[in-house]
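Pasted below: structure_21.json, JSON, C-alpha atoms and all ligand atoms.
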[["chain", "number", "residue", "atom", "x", "y", "z"],
["Z", 411, "MET", "CA", 79.67, 113.12, 95.09],
["Z", 412, "LYS", "CA", 81.78, 112.81, 91.96],
["Z", 413, "LYS", "CA", 79.75, 115.55, 90.26],
["Z", 414, "THR", "CA", 80.30, 117.88, 93.19],
["Z", 415, "ILE", "CA", 84.07, 117.41, 93.07],
["Z", 416, "ILE", "CA", 84.16, 118.08, 89.33],
["Z", 417, "ARG", "CA", 82.06, 121.20, 89.72],
["Z", 418, "ILE", "CA", 84.42, 122.54, 92.39],
["Z", 419, "ALA", "CA", 87.42, 121.78, 90.19],
["Z", 420, "LEU", "CA", 85.88, 123.68, 87.29],
["Z", 421, "ALA", "CA", 85.01, 126.64, 89.50],
["Z", 422, "ALA", "CA", 88.59, 126.74, 90.79],
["Z", 423, "ALA", "CA", 89.99, 126.57, 87.27],
["Z", 424, "ALA", "CA", 87.65, 129.33, 86.10],
["Z", 425, "ALA", "CA", 88.53, 131.50, 89.09],
["Z", 426, "GLY", "CA", 92.23, 131.08, 88.38],
["Z", 427, "LEU", "CA", 91.85, 132.03, 84.73],
["Z", 428, "ALA", "CA", 89.17, 134.69, 84.91],
["Z", 429, "GLY", "CA", 90.35, 136.27, 88.13],
["Z", 430, "GLY", "CA", 89.08, 135.11, 91.48],
["Z", 431, "ALA", "CA", 89.88, 136.76, 94.78],
["Z", 432, "SER", "CA", 93.09, 134.71, 94.98],
["Z", 433, "ALA", "CA", 94.50, 136.13, 91.75],
["Z", 434, "GLY", "CA", 97.25, 138.68, 92.02],
["Z", 435, "VAL", "CA", 100.02, 140.34, 90.10],
["Z", 436, "ILE", "CA", 103.30, 138.44, 90.04],
["Z", 437, "ALA", "CA", 106.46, 140.42, 89.33],
["Z", 438, "SER", "CA", 109.50, 138.75, 87.74],
["Z", 439, "PHE", "CA", 112.74, 139.77, 86.06],
["Z", 440, "GLY", "CA", 114.32, 138.84, 82.77],
["Z", 441, "ALA", "CA", 113.12, 138.39, 79.19],
["Z", 442, "ASN", "CA", 110.39, 135.76, 78.86],
["Z", 443, "SER", "CA", 109.86, 135.65, 82.63],
["Z", 444, "ALA", "CA", 106.26, 136.87, 82.33],
["Z", 445, "ILE", "CA", 105.43, 136.53, 78.62],
["Z", 446, "ARG", "CA", 104.56, 133.23, 77.02],
["Z", 447, "SER", "CA", 103.53, 134.26, 73.52],
["Z", 448, "PRO", "CA", 103.76, 138.02, 72.96],
["Z", 449, "THR", "CA", 100.88, 139.48, 71.01],
["Z", 450, "HIS", "CA", 102.10, 143.11, 71.12],
["Z", 451, "ALA", "CA", 105.55, 144.69, 71.01],
["Z", 452, "ALA", "CA", 106.86, 148.25, 70.92],
["Z", 453, "ASN", "CA", 110.37, 149.70, 70.70],
["Z", 454, "PHE", "CA", 109.57, 153.43, 70.13],
["Z", 455, "ASP", "CA", 111.70, 153.62, 67.01],
["Z", 456, "ALA", "CA", 108.86, 155.43, 65.21],
["Z", 457, "ASN", "CA", 108.40, 157.82, 68.11],
["Z", 458, "THR", "CA", 109.28, 161.03, 66.31],
["Z", 459, "THR", "CA", 107.00, 163.56, 67.98],
["Z", 460, "LEU", "CA", 106.45, 164.83, 71.49],
["Z", 461, "ALA", "CA", 102.83, 163.65, 71.57],
["Z", 462, "GLY", "CA", 101.49, 162.75, 75.00],
["Z", 463, "ASN", "CA", 99.98, 159.55, 73.65],
["Z", 464, "TYR", "CA", 102.14, 157.32, 71.52],
["Z", 465, "ALA", "CA", 100.68, 154.13, 70.02],
["Z", 466, "GLU", "CA", 102.68, 151.27, 68.52],
["Z", 467, "ASN", "CA", 101.43, 147.82, 67.56],
["Z", 468, "GLY", "CA", 98.29, 148.13, 69.64],
["Z", 469, "LEU", "CA", 100.03, 149.46, 72.75],
["Z", 470, "LEU", "CA", 99.36, 152.99, 74.01],
["Z", 471, "PHE", "CA", 101.90, 154.94, 76.05],
["Z", 472, "SER", "CA", 101.48, 158.19, 77.91],
["Z", 473, "TYR", "CA", 103.32, 159.98, 80.67],
["Z", 474, "THR", "CA", 102.88, 162.49, 83.42],
["Z", 475, "GLY", "CA", 105.60, 164.88, 84.46],
["Z", 476, "SER", "CA", 107.58, 167.44, 82.53],
["Z", 477, "ALA", "CA", 106.41, 168.10, 79.00],
["Z", 478, "GLY", "CA", 108.32, 165.67, 76.83],
["Z", 479, "ASN", "CA", 111.18, 165.61, 79.37],
["Z", 480, "ASN", "CA", 112.99, 168.18, 77.24],
["Z", 481, "GLY", "CA", 112.75, 165.80, 74.34],
["Z", 482, "CYS", "CA", 114.63, 162.94, 75.94],
["Z", 483, "GLY", "CA", 114.04, 159.69, 74.14],
["Z", 484, "TYR", "CA", 111.92, 161.27, 71.46],
["Z", 485, "ALA", "CA", 112.62, 161.91, 67.83],
["Z", 486, "GLY", "CA", 116.06, 160.44, 68.12],
["Z", 487, "VAL", "CA", 117.04, 162.98, 70.77],
["Z", 488, "ASP", "CA", 118.93, 161.43, 73.64],
["Z", 489, "CYS", "CA", 119.88, 163.34, 76.79],
["Z", 490, "TYR", "CA", 122.78, 161.06, 77.58],
["Z", 491, "ASP", "CA", 126.07, 160.33, 75.87],
["Z", 492, "ASP", "CA", 124.68, 156.94, 75.02],
["Z", 493, "VAL", "CA", 121.25, 155.36, 75.38],
["Z", 494, "SER", "CA", 122.90, 152.48, 77.23],
["Z", 495, "GLU", "CA", 123.62, 154.84, 80.13],
["Z", 496, "LEU", "CA", 119.91, 154.73, 80.89],
["Z", 497, "SER", "CA", 119.83, 150.99, 80.39],
["Z", 498, "PRO", "CA", 121.95, 148.55, 78.38],
["Z", 499, "ALA", "CA", 118.62, 146.99, 77.38],
["Z", 500, "PHE", "CA", 117.53, 150.20, 75.60],
["Z", 501, "GLN", "CA", 118.06, 150.76, 71.88],
["Z", 502, "GLY", "CA", 117.40, 153.90, 69.84],
["Z", 503, "ASN", "CA", 114.33, 155.89, 70.89],
["Z", 504, "TYR", "CA", 112.58, 155.16, 74.15],
["Z", 505, "MET", "CA", 109.98, 156.84, 76.35],
["Z", 506, "ALA", "CA", 111.08, 158.89, 79.32],
["Z", 507, "THR", "CA", 109.69, 161.43, 81.72],
["Z", 508, "ALA", "CA", 110.67, 163.19, 84.92],
["Z", 509, "GLY", "CA", 108.83, 165.04, 87.65],
["Z", 510, "ASN", "CA", 107.17, 164.69, 90.99],
["Z", 511, "ASN", "CA", 105.48, 161.26, 91.02],
["Z", 512, "ALA", "CA", 105.94, 161.16, 87.24],
["Z", 513, "TYR", "CA", 105.15, 157.85, 85.59],
["Z", 514, "VAL", "CA", 104.91, 156.21, 82.19],
["Z", 515, "SER", "CA", 101.55, 154.55, 81.56],
["Z", 516, "ILE", "CA", 101.18, 151.42, 79.41],
["Z", 517, "ARG", "CA", 97.75, 150.38, 78.10],
["Z", 518, "LEU", "CA", 96.24, 148.65, 75.09],
["Z", 519, "ALA", "CA", 95.29, 151.16, 72.42],
["Z", 520, "GLY", "CA", 91.93, 149.46, 71.94],
["Z", 521, "GLY", "CA", 91.26, 149.01, 75.66],
["Z", 522, "GLY", "CA", 90.94, 145.66, 77.37],
["Z", 523, "GLU", "CA", 93.24, 143.62, 79.52],
["Z", 524, "MET", "CA", 96.79, 142.36, 79.30],
["Z", 525, "TYR", "CA", 97.76, 139.21, 81.16],
["Z", 526, "GLY", "CA", 101.51, 139.59, 80.88],
["Z", 527, "LEU", "CA", 103.78, 142.58, 80.28],
["Z", 528, "GLU", "CA", 107.53, 142.97, 80.06],
["Z", 529, "PHE", "CA", 109.66, 146.04, 79.49],
["Z", 530, "ALA", "CA", 113.20, 147.28, 79.93],
["Z", 531, "ALA", "CA", 112.94, 149.40, 83.06],
["Z", 532, "GLY", "CA", 115.15, 152.48, 82.99],
["Z", 533, "SER", "CA", 115.88, 155.33, 85.34],
["Z", 534, "GLY", "CA", 117.35, 158.79, 85.00],
["Z", 535, "TYR", "CA", 119.08, 158.08, 88.32],
["Z", 536, "LEU", "CA", 122.32, 156.12, 88.40],
["Z", 537, "GLY", "CA", 120.67, 153.26, 90.34],
["Z", 538, "LEU", "CA", 117.53, 151.46, 89.23],
["Z", 539, "ASN", "CA", 114.91, 151.76, 91.99],
["Z", 540, "GLY", "CA", 111.62, 151.11, 90.28],
["Z", 541, "TYR", "CA", 108.03, 151.13, 91.43],
["Z", 542, "TRP", "CA", 105.07, 149.74, 89.48],
["Z", 543, "LYS", "CA", 101.31, 149.84, 89.87],
["Z", 544, "THR", "CA", 98.67, 147.86, 88.00],
["Z", 545, "TYR", "CA", 95.06, 148.86, 87.46],
["Z", 546, "ASN", "CA", 91.93, 147.23, 86.14],
["Z", 547, "ASP", "CA", 88.77, 149.25, 85.54],
["Z", 548, "ASN", "CA", 90.34, 152.17, 87.41],
["Z", 549, "LEU", "CA", 90.94, 150.08, 90.53],
["Z", 550, "GLN", "CA", 94.52, 149.44, 91.66],
["Z", 551, "THR", "CA", 95.20, 145.70, 91.55],
["Z", 552, "GLY", "CA", 98.87, 145.59, 92.54],
["Z", 553, "ALA", "CA", 102.04, 147.53, 93.29],
["Z", 554, "GLY", "CA", 105.65, 146.75, 94.04],
["Z", 555, "ASN", "CA", 109.14, 148.19, 94.48],
["Z", 556, "PHE", "CA", 112.29, 146.70, 93.02],
["Z", 557, "SER", "CA", 115.97, 147.57, 93.04],
["Z", 558, "MET", "CA", 117.90, 145.83, 90.31],
["Z", 559, "PRO", "CA", 121.09, 146.20, 88.29],
["Z", 560, "VAL", "CA", 120.75, 148.73, 85.47],
["Z", 561, "GLY", "CA", 119.43, 146.96, 82.39],
["Z", 562, "ALA", "CA", 116.79, 144.90, 84.16],
["Z", 563, "ILE", "CA", 113.68, 143.68, 82.35],
["Z", 564, "LEU", "CA", 110.58, 143.84, 84.56],
["Z", 565, "GLY", "CA", 107.83, 141.28, 84.02],
["Z", 566, "LEU", "CA", 104.31, 141.48, 85.40],
["Z", 567, "ARG", "CA", 101.68, 138.78, 85.09],
["Z", 568, "ASP", "CA", 98.15, 138.40, 86.41],
["Z", 569, "ALA", "CA", 95.64, 135.76, 85.33],
["Z", 570, "ALA", "CA", 92.90, 138.27, 86.13],
["Z", 571, "GLY", "CA", 94.44, 140.78, 83.73],
["Z", 572, "PHE", "CA", 95.23, 144.46, 84.09],
["Z", 573, "ASP", "CA", 94.39, 147.28, 81.73],
["Z", 574, "GLU", "CA", 97.07, 149.76, 82.83],
["Z", 575, "VAL", "CA", 100.60, 149.59, 84.23],
["Z", 576, "ARG", "CA", 102.27, 152.69, 85.66],
["Z", 577, "TYR", "CA", 106.04, 152.72, 86.02],
["Z", 578, "TYR", "CA", 108.07, 155.09, 88.24],
["Z", 579, "ALA", "CA", 111.82, 155.30, 88.95],
["Z", 580, "PHE", "CA", 112.84, 156.91, 92.23],
["Z", 581, "SER", "CA", 116.16, 158.04, 93.71],
["Z", 582, "THR", "CA", 116.42, 155.33, 96.35],
["Z", 583, "ALA", "CA", 114.96, 151.91, 97.17],
["Z", 584, "ASN", "CA", 111.41, 151.32, 98.39],
["Z", 585, "LYS", "CA", 110.10, 154.79, 97.60],
["Z", 586, "GLN", "CA", 106.51, 155.09, 96.46],
["Z", 587, "SER", "CA", 106.41, 158.83, 95.91],
["Z", 588, "GLY", "CA", 108.77, 161.68, 95.23],
["Z", 589, "PHE", "CA", 110.75, 162.84, 92.21],
["Z", 590, "SER", "CA", 110.63, 160.13, 89.57],
["Z", 591, "ALA", "CA", 112.72, 159.76, 86.38],
["Z", 592, "ALA", "CA", 111.06, 156.84, 84.61],
["Z", 593, "ALA", "CA", 112.11, 155.49, 81.22],
["Z", 594, "ILE", "CA", 111.03, 152.39, 79.30],
["Z", 595, "ASP", "CA", 111.88, 150.56, 76.10],
["Z", 596, "GLN", "CA", 111.48, 147.10, 74.52],
["Z", 597, "VAL", "CA", 107.88, 146.52, 75.63],
["Z", 598, "ARG", "CA", 106.08, 143.23, 75.06],
["Z", 599, "ALA", "CA", 102.56, 142.29, 76.10],
["Z", 600, "ASP", "CA", 100.61, 139.06, 76.20],
["Z", 601, "VAL", "CA", 96.89, 139.13, 75.45],
["Z", 602, "PRO", "CA", 95.58, 135.58, 75.03],
["Z", 603, "GLU", "CA", 92.62, 134.99, 72.77],
["Z", 604, "PRO", "CA", 89.44, 134.70, 74.86],
["Z", 605, "GLY", "CA", 88.91, 131.18, 73.49],
["Z", 606, "SER", "CA", 92.28, 129.91, 74.72],
["Z", 607, "ALA", "CA", 91.38, 130.51, 78.38],
["Z", 608, "LEU", "CA", 88.19, 128.50, 77.91],
["Z", 609, "LEU", "CA", 90.09, 125.70, 76.16],
["Z", 610, "LEU", "CA", 92.59, 125.62, 79.00],
["Z", 611, "ALA", "CA", 89.76, 125.41, 81.55],
["Z", 612, "CYS", "CA", 88.26, 122.49, 79.59],
["Z", 613, "GLY", "CA", 91.69, 120.86, 79.43],
["Z", 614, "LEU", "CA", 92.15, 121.16, 83.21],
["Z", 615, "LEU", "CA", 88.69, 119.70, 83.76],
["Z", 616, "GLY", "CA", 89.48, 116.86, 81.39],
["Z", 617, "MET", "CA", 92.71, 116.11, 83.24],
["Z", 618, "GLY", "CA", 90.82, 116.06, 86.54],
["Z", 619, "VAL", "CA", 88.25, 113.61, 85.19],
["Z", 620, "ALA", "CA", 90.94, 111.35, 83.71],
["Z", 621, "ARG", "CA", 92.87, 111.28, 86.98],
["Z", 622, "ARG", "CA", 89.74, 110.47, 88.94],
["Z", 623, "ARG", "CA", 88.91, 107.60, 86.57],
["Z", 624, "ARG", "CA", 92.36, 106.10, 87.00],
["Z", 625, "GLU", "CA", 92.10, 106.41, 90.78],
["Z", 626, "GLY", "CA", 88.59, 104.87, 90.78],
["Z", 701, "CA", "CA", 113.91, 151.65, 71.43],
["Z", 702, "CA", "CA", 89.40, 146.14, 82.44]]

Let me see the structure of the file written as structure tokens.
Amino acid sequence: MKKTIIRIALAAAAAGLAGGASAGVIASFGANSAIRSPTHAANFDANTTLAGNYAENGLLFSYTGSAGNNGCGYAGVDCYDDVSELSPAFQGNYMATAGNNAYVSIRLAGGGEMYGLEFAAGSGYLGLNGYWKTYNDNLQTGAGNFSMPVGAILGLRDAAGFDEVRYYAFSTANKQSGFSAAAIDQVRADVPEPGSALLLACGLLGMGVARRRREG
């Protein structure tokens, strides 16, 4: 009986860490709301070309929509009087695009999954009405709308991991398609070492055994 209980506990712990059916993407707001120990960070300061793929510190960014958005956010070119008009959380260069259903894509340059991601979510519109989608192995794993004060930091976390996040910014709340003017800056991602998930699973199992011994 005891063995059965322990086996179920381990299976539950493994499912939670490796991604069972119950896993899902959790959206949050604010710095450090989704990231525990960032392993990757990008601020676009070295983004001095109009290349479709821009890599920084192991993160890979691309965009759909108008070609280079007329240079906005690239190579020190800013389309606004001040970068803070897009978002007070932005500094210097950023990544922006605009167009029908245009989005900025965030992935790991070397492939693989992120477990947590945070970025300053900007919009070319006056109000911030964002929409995000997560993917893993080309399958959509989550999506959500948010309307927040300009300057918001969006956090996404999923114990099952995601290998791509797409970010859109629409004209009004709760839109999932239409003309999008997405912009991002100050990106941080969390990619735990494979061994740490296993250690955590062992730790949870150990806690379960200890508790059961005390109860017995
Ligand atoms: Ca920047
Ligand atoms: Ca994957």

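Contacts with ligand CA 701 (chain Z) are defined as any residue atom within 9 Å of a ligand atom, using all atoms listed in the file; the residues meeting this criterion are Z:Ala452, Z:Asn453, Z:Phe454, Z:Asp455, Z:Ala456, Z:Asn457, Z:Gly483, Z:Ala499, Z:Phe500, Z:Gln501, Z:Gly502, Z:Asn503, Z:Tyr504, Z:Met505, Z:Ile594, Z:Asp595, Z:Gln596, Z:Val597.
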
Got time to write the residues from that selection, C-alpha atoms, as a compact mmCIF listing (two decimals), in the coordinates of the input?
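again_38.txt written:
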# COMPACT_ATOMS: atom_id res chain seq x y z
CA ALA Z 452 106.86 148.25 70.92
CA ASN Z 453 110.37 149.70 70.70
CA PHE Z 454 109.57 153.43 70.13
CA ASP Z 455 111.70 153.62 67.01
CA ALA Z 456 108.86 155.43 65.21
CA ASN Z 457 108.40 157.82 68.11
CA GLY Z 483 114.04 159.69 74.14
CA ALA Z 499 118.62 146.99 77.38
CA PHE Z 500 117.53 150.20 75.60
CA GLN Z 501 118.06 150.76 71.88
CA GLY Z 502 117.40 153.90 69.84
CA ASN Z 503 114.33 155.89 70.89
CA TYR Z 504 112.58 155.16 74.15
CA MET Z 505 109.98 156.84 76.35
CA ILE Z 594 111.03 152.39 79.30
CA ASP Z 595 111.88 150.56 76.10
CA GLN Z 596 111.48 147.10 74.52
CA VAL Z 597 107.88 146.52 75.63

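When CA of Tyr464 (chain Z) is paired with CA of Ala506 (chain Z), their separation reads 12.0 Å.
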
Taking only C-alpha atoms and all ligand atoms into account, list the residues no farther than 10 Å from ligand CA 702 (chain Z), as a tab-separated table (two decimals) with C-alpha atoms, keeping the file's coordinate frame.
chain	number	residue	atom	x	y	z
Z	521	GLY	CA	91.26	149.01	75.66
Z	522	GLY	CA	90.94	145.66	77.37
Z	523	GLU	CA	93.24	143.62	79.52
Z	524	MET	CA	96.79	142.36	79.30
Z	545	TYR	CA	95.06	148.86	87.46
Z	546	ASN	CA	91.93	147.23	86.14
Z	547	ASP	CA	88.77	149.25	85.54
Z	548	ASN	CA	90.34	152.17	87.41
Z	549	LEU	CA	90.94	150.08	90.53
Z	570	ALA	CA	92.90	138.27	86.13
Z	571	GLY	CA	94.44	140.78	83.73
Z	572	PHE	CA	95.23	144.46	84.09
Z	573	ASP	CA	94.39	147.28	81.73
Z	574	GLU	CA	97.07	149.76	82.83

- [ ] Pick out the closest residue to Thr449 (chain Z) from this set: Z:Val514, Z:Ile436, Z:Leu538, Z:Leu527. Count all atoms listed in the file.
- [x]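 Counting all atoms listed in the file, the residue closest to Thr449 (chain Z) is Z:Leu527.
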
- [ ] Rank nothing, just name the residue among Z:Pro559, Z:Gly475, Z:Gly440, Z:Gly552 nearest to Asn510 (chain Z), using only C-alpha atoms.
- [x]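 Looking only at the distances to Asn510 (chain Z), the closest residue turns out to be Z:Gly475.
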
Task: Neighbour residues at most 8 Å from (98.9, 156.7, 77.3) (all atoms listed in the file) as a list in words - done: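 The residues that fall inside the cut-off are Gly462, Asn463, Tyr464, Ala465, Leu470, Phe471, Ser472, Tyr473, Val514, Ser515, Ile516 and Arg517 of chain Z.
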
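CA of Val493 (chain Z) is positioned 25.8 Å from CA of Gly554 (chain Z).
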